[in-house]
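First up is the structure itself, then whatever we jot down about it.
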Amino acid sequence: MSAKHSYSNIKALSALIRASLQSTFKSPSAIVFTIAFPLVFILVFGFLGGDKMFKIGVANLPGSDTTNELYAGLRTAGVLQWVDIAEGADVESVLSDGDVTAFIDIQKQLDGVQPEYKITLKGSSAQMDKVTQLKSIVRGALQNSDPEILSRTEALASIEVDVATVREFKTIDFILPGQLGFSLLAGSVFGTAFIFFNLRETLVLKRFFATPVRREIIVFSEGIARMIFQLIGAVIIIAVGYWAFDYTLVNGAVTFLEMILLSALGILVFMGFGFIISGVAKNQATIPPISNLVTLPQFLLAGTFFPIDVFPKWLQPFCRILPLTYLNDAMRKVAFEGAGFWEIKFDVFILLGWGVVLYLIASRVFKWE
């Protein structure tokens with residue numbers, strides 16, 4: 001009896017975590033899904049760079065005169081890509097997104113007033129090279145509208161450039177959170193499902209019942225080991241993005257820690273899928289297809305590669321149900337916008353809600369033997 005009381009479940013927990021981590025680090029599939037697979041995408045998109053094709057995205061500033069000849073000429077300029085902006089949209093927020101280089105405001109003066117046009121370009125400081133090019137394009141359109149006044153362009157129009165100071169939104173700023181989120185999802189679902197199914201099938205769990213180790217210690221040890229391994233992967237992914245491709249961590253180390261905390265929350269929630277799958281799978285061969293049913297729709301539809309807004313409107317409500325959507329959204333808000341946890345509380349609450357539902361289901365279907 002004294003020997004039983006002297007047994008330390010804490011020591012058992014520590015030993016099980018170490019054993020599980022050693023096993024995980026020796027697993028090629030774990031390394032591929034957690035680190036290598038997302039890094040490949042990050043490297044591909046990183047080397048493609050943040051520069052878009054040589055198209056200058058422009059939009060009308062609210063109130064701009066769109067009935068004059070100059071505006072009509074600019075609409076035909078092949079290098080300009082006109083973007084429709086929702087009424088009432090915040091100009092600086094649109095510029096921050098990076099799709100619009102500048103807003104154009106064209107006002108034609110009254111007859112006899114010089115200059116004839118007053119033009120304002122409201123652009124982003126992050127794309128000043130394109131704003132300068134846009135100014136040249138506008139000058140060219142002015143000259144084309146009246147070829148005889150090449151030498152007196154300034155008399156025809158005044159062009160003002162109003163620069164809004166916004167951070168450059170690079171391709172990596174969108175791609176990295178999506179790849180990190182999918183890494184956490186895939187690793188948690190596949191890893192947890194395979195681990196606990198194998199432990200049950202090989203009777204390891206049953207043998208543990210003959211020891212003083214409590215059941216929950218077994219679950220905690222595997223969960224903590226999975227958490228540690230995937231957080232190491234998250235650190236590597238963020239570090240590669242930051243040092244190799246200038247991934248934006250707006251508040252430096254604070255933002256990094258917030259992303260790690262969000263990663264931990266995502267792992268905890270996504271492991272619920274793995275527990276459920278390990279309980280309902282009839283054999284090891286059924287785990288991959290069931291897991292893919294969980295992970296692939298989220299990989300494709302949860303804003304991993306493209307904003308949800310680009311999908312058909314009938315599909316967007318489904319996209320907004322997926323838990324990975326809210327993890328990706330929270331990651332981007334924290335990293336690029338500097339949002340605090342209170343500002344992303346909606347995303348966090350949705351993830352927690354998913355976690356509650358998943359673990360309630362897991363408690364019903366999880367099998368020990």
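Ligands are numbered from 1 in the order shown, residues from 1 within each chain, and chains are lettered A, B, ... in the order they appear in the structure tokens.
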
Would you mind listing what lies within 10 Å of segment 365-368 of chain A as a ChimeraX atom specification, with only C-alpha atoms counted and same-chain residues fewer than 5 positions away left out?
-> /A:196-197,199-201,203-206,209,215,274-280,359-360

Spatial neighbours of Ala225 of chain A, 6 Å, only C-alpha atoms, chain gap at least 3 places, as a list in words | Ile17, Leu21, Glu222 and Ile228 of chain A

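Using only C-alpha atoms, the shortest contact distance between Asn283 of chain A and any of A:Ser96, A:Thr66, A:Asn198, A:Ser8 is found at A:Asn198.
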
Provide the atom CA of Ser263 of chain A to atom CA of Asp99 of chain A distance in Å, to one decimal place.
->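 Rounded to one decimal, the two atoms are 28.2 Å apart.
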
Nearest to Val269 of chain A: which of A:Gly57, A:Pro62, A:Pro28, A:Gly223 is it, counting only C-alpha atoms?
->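 For Val269 of chain A, the nearest of the candidates is A:Gly223.
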
Exercise: Arg332 of chain A partners within 9 Å, only C-alpha atoms, chain neighbours under 3 positions left out, as a compact mmCIF listing (two decimals) with N, CA and C atoms, in the first residue's frame:
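After the write, part_18.txt holds the following:
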# COMPACT_ATOMS: atom_id res chain seq x y z
N ASP A 173 2.67 37.70 -45.98
CA ASP A 173 1.84 38.08 -44.84
C ASP A 173 0.49 37.39 -44.88
N PHE A 174 0.04 37.00 -46.07
CA PHE A 174 -1.21 36.25 -46.17
C PHE A 174 -0.96 34.75 -46.14
N LEU A 176 1.70 32.83 -44.99
CA LEU A 176 2.29 32.16 -43.83
C LEU A 176 1.27 31.79 -42.76
N PRO A 177 0.37 32.68 -42.33
CA PRO A 177 -0.62 32.25 -41.33
C PRO A 177 -1.48 31.09 -41.81
N GLY A 178 -1.83 31.10 -43.11
CA GLY A 178 -2.62 30.00 -43.64
C GLY A 178 -1.89 28.68 -43.61
N LEU A 327 -8.91 30.64 -37.00
CA LEU A 327 -7.51 30.65 -36.59
C LEU A 327 -6.69 31.47 -37.57
N ASN A 328 -6.89 31.24 -38.88
CA ASN A 328 -6.17 32.01 -39.89
C ASN A 328 -6.45 33.50 -39.76
N ASP A 329 -7.72 33.84 -39.56
CA ASP A 329 -8.12 35.24 -39.45
C ASP A 329 -7.46 35.89 -38.23
N ALA A 335 -0.67 39.40 -36.42
CA ALA A 335 0.66 39.60 -37.01
C ALA A 335 0.77 40.91 -37.78
N PHE A 336 -0.23 41.24 -38.60
CA PHE A 336 -0.10 42.41 -39.48
C PHE A 336 -0.74 43.66 -38.90
N GLU A 337 -1.90 43.51 -38.26
CA GLU A 337 -2.61 44.67 -37.75
C GLU A 337 -2.25 45.00 -36.31
N GLY A 338 -1.56 44.07 -35.62
CA GLY A 338 -1.20 44.33 -34.23
C GLY A 338 -2.37 44.22 -33.29
N ALA A 339 -3.40 43.45 -33.68
CA ALA A 339 -4.59 43.29 -32.83
C ALA A 339 -4.25 42.52 -31.56

Selection near Phe349 of chain A, 12 Å with only C-alpha atoms, sequence-local residues under 5 positions removed, as a CSV table (one decimal) with N, CA and C atoms, in the first residue's frame:
chain,number,residue,atom,x,y,z
A,262,LEU,N,-1.9,31.5,-29.9
A,262,LEU,CA,-2.9,31.1,-30.8
A,262,LEU,C,-2.7,29.7,-31.4
A,265,LEU,N,-3.7,27.2,-28.9
A,265,LEU,CA,-5.2,27.1,-28.9
A,265,LEU,C,-5.7,26.3,-30.1
A,266,GLY,N,-5.1,26.5,-31.2
A,266,GLY,CA,-5.5,25.8,-32.4
A,266,GLY,C,-5.2,24.3,-32.3
A,269,VAL,N,-7.7,22.6,-29.9
A,269,VAL,CA,-9.0,22.4,-30.6
A,269,VAL,C,-9.0,21.3,-31.6
A,323,PRO,N,-13.4,25.9,-38.4
A,323,PRO,CA,-12.6,26.5,-37.3
A,323,PRO,C,-11.3,27.0,-37.8
A,326,TYR,N,-11.2,30.8,-38.6
A,326,TYR,CA,-11.0,31.7,-37.5
A,326,TYR,C,-9.6,31.8,-36.9
A,327,LEU,N,-8.9,30.6,-37.0
A,327,LEU,CA,-7.5,30.7,-36.6
A,327,LEU,C,-6.7,31.5,-37.6
A,330,ALA,N,-7.5,35.2,-37.1
A,330,ALA,CA,-6.9,35.7,-35.9
A,330,ALA,C,-5.4,35.9,-36.1
A,341,PHE,N,-5.6,40.3,-28.0
A,341,PHE,CA,-6.5,39.2,-27.9
A,341,PHE,C,-8.0,39.7,-27.7
A,342,TRP,N,-8.2,40.8,-27.1
A,342,TRP,CA,-9.5,41.3,-26.9
A,342,TRP,C,-10.2,41.7,-28.3
A,343,GLU,N,-9.3,42.2,-29.2
A,343,GLU,CA,-9.8,42.5,-30.5
A,343,GLU,C,-10.1,41.3,-31.4
A,344,ILE,N,-9.6,40.2,-31.1
A,344,ILE,CA,-9.8,39.0,-31.8
A,344,ILE,C,-10.7,38.0,-31.0
A,354,TRP,N,-15.9,25.5,-30.9
A,354,TRP,CA,-15.6,24.3,-31.6
A,354,TRP,C,-14.9,23.3,-30.7
A,355,GLY,N,-14.0,23.7,-29.8
A,355,GLY,CA,-13.3,22.8,-28.9
A,355,GLY,C,-14.3,22.1,-28.0
A,356,VAL,N,-15.3,22.9,-27.4
A,356,VAL,CA,-16.2,22.3,-26.5
A,356,VAL,C,-17.1,21.2,-27.2

With only C-alpha atoms as the counted atoms, please give the residues lying no more than 12 Å from Thr248 of chain A, apart from itself and same-chain residues fewer than 2 positions off, as an mmCIF file with C-alpha atoms, in the first residue's frame.
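Generated output (result_38.cif):
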data_model
loop_
_atom_site.group_PDB
_atom_site.id
_atom_site.type_symbol
_atom_site.label_atom_id
_atom_site.label_comp_id
_atom_site.auth_asym_id
_atom_site.auth_seq_id
_atom_site.Cartn_x
_atom_site.Cartn_y
_atom_site.Cartn_z
ATOM 1 C CA GLY A 50 5.309 40.250 -52.611
ATOM 2 C CA ARG A 167 2.593 49.011 -44.079
ATOM 3 C CA GLU A 168 3.274 46.999 -47.196
ATOM 4 C CA PHE A 169 1.071 43.902 -47.247
ATOM 5 C CA LYS A 170 3.218 41.214 -48.854
ATOM 6 C CA THR A 171 2.208 37.829 -50.224
ATOM 7 C CA ILE A 172 3.996 36.133 -47.328
ATOM 8 C CA ASP A 173 1.837 38.078 -44.842
ATOM 9 C CA PHE A 174 -1.212 36.252 -46.173
ATOM 10 C CA ILE A 175 0.303 32.873 -47.000
ATOM 11 C CA LEU A 176 2.295 32.159 -43.833
ATOM 12 C CA PRO A 177 -0.616 32.252 -41.329
ATOM 13 C CA ILE A 238 7.448 31.827 -38.275
ATOM 14 C CA ALA A 239 11.233 32.219 -37.999
ATOM 15 C CA VAL A 240 11.807 31.210 -41.625
ATOM 16 C CA GLY A 241 9.094 33.598 -42.772
ATOM 17 C CA TYR A 242 10.457 36.466 -40.682
ATOM 18 C CA TRP A 243 14.178 36.105 -41.397
ATOM 19 C CA ALA A 244 14.030 34.854 -44.990
ATOM 20 C CA PHE A 245 11.014 36.697 -46.418
ATOM 21 C CA ASP A 246 10.429 39.666 -44.108
ATOM 22 C CA VAL A 250 4.145 44.217 -36.213
ATOM 23 C CA ASN A 251 4.998 44.254 -32.507
ATOM 24 C CA GLY A 252 8.071 42.029 -32.705
ATOM 25 C CA ALA A 253 8.499 39.526 -29.875
ATOM 26 C CA THR A 255 3.390 39.433 -31.720
ATOM 27 C CA PHE A 256 5.486 36.265 -31.938
ATOM 28 C CA MET A 259 0.990 33.778 -32.464
ATOM 29 C CA MET A 331 -3.257 35.019 -36.918
ATOM 30 C CA ARG A 332 -3.367 37.649 -39.676
ATOM 31 C CA LYS A 333 -4.979 40.263 -37.452
ATOM 32 C CA VAL A 334 -2.390 39.744 -34.720
ATOM 33 C CA ALA A 335 0.656 39.604 -37.014
ATOM 34 C CA PHE A 336 -0.104 42.408 -39.479
ATOM 35 C CA GLU A 337 -2.610 44.670 -37.748
ATOM 36 C CA GLY A 338 -1.196 44.335 -34.235
#

In segment 154-345 of chain A, DSSP strand (DSSP E) residues written as a ChimeraX atom specification = /A:157-164

All helix (DSSP H, G or I) positions in segment 194-269 of chain A, as a PyMOL selection string = chain A and resi 194-201+204-208+215-245+253-269
